[in-house]
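**Q** Just dropping this structure here.
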Amino acid sequence: AAGTSLNGRLLSKGPFSKGGPYGICRLMMIQSVPAFFIFGLIAWFTERERLVVKLMDPSSRWQWYQWVFLLTLSSALALFSNLGRCFLVAATSALMETFAGNAKVAALCAIDHQLFGTLLYSYNYVGIALTFSGFSIHVLLQYASKEKESPP
């Protein structure tokens with residue numbers, strides 16, 4: 001939540017506010033490049049031996065180029081997911097992303113109950129109802145507080 005709020009502030013009032021979609025992309029790159037090197041360094045020190053054995057094993061189910069493709073695909077999906085979150089925050093607010101995340105969890109609880117028969121207790125139903133009612137009230141209040149557009 002703190003990261004989303006910081007991203008929202010940087011995109012709405014900070015140095016990335018005037019760049020449009022390019023400002024969002026620059027913010028994502030600035031955040032992603034250091035994270036890549038930090039986690040890459042941690043992985044190198046903790047997983048180096050197993051990685052070398054895995055990549056050099058000819059009886060392995062996957063070859064090195066398949067691993068590279070899988071890592072590239074997963075990195076692209078993570079990038080698009082983060083870009084989607086940043087576009088949502090830039091278009092609405094950090095609070096709206098929090099509401100959307102809570103609504104997603106509530107919907108997944110209801111779907112899990114219907115598909116897999118997971119037992120929900122009374123406080124689960126109260127939480128689901130509060131989540132959807134809070135989300136709906138927020139959207140209605142946001143819509144009601146918009147300025148009326150005057151016809152040309």
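By order in the structure tokens, chains are A, B, ...; within a chain, residues start at 1; ligands start at 1, following the order shown.
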May I have the residues within 12 Å of Ala110 (chain A) as a PyMOL selection string, using only C-alpha atoms and disregarding those fewer than 4 positions away in the same chain?
**A** chain A and resi 103-106+114-121+124-125+127-129+132
**Q** Identify which of the residues A:Gln66, A:Arg26, A:Gln142, A:Thr131 lies closest to Cys109 (chain A), counting only C-alpha atoms when measuring atom-to-atom distances.
**A**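 The closest residue to Cys109 (chain A) is A:Thr131.
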**Q** Using only C-alpha atoms, can you tell me which of A:Val89, A:Leu79, A:Ile111, A:Lys54 comes closest to Ser32 (chain A)?
**A**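 Smallest separation from Ser32 (chain A) among the options: A:Leu79.
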**Q** One decimal, in Å: what's the spacing between CA of Ala90 (chain A) and CA of Gly40 (chain A)?
**A** 29.3 Å
**Q** Counting only C-alpha atoms, which residue out of A:Asn82, A:Ser74, A:Ser59, A:Arg50 sits closest to Met29 (chain A)?
**A** A:Asn82
**Q** Quick one, how far is CA of Ile42 (chain A) from CA of Leu71 (chain A)?
**A**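 Going from CA of Ile42 (chain A) over to CA of Leu71 (chain A), I get 16.6 Å.
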**Q** Just the residues within 10 Å of Phe135 (chain A), please, counting only C-alpha atoms, with nothing from its chain fewer than 2 positions along; format it as a PyMOL selection string.
**A** chain A and resi 96+98-100+102-103+129-133+137-140
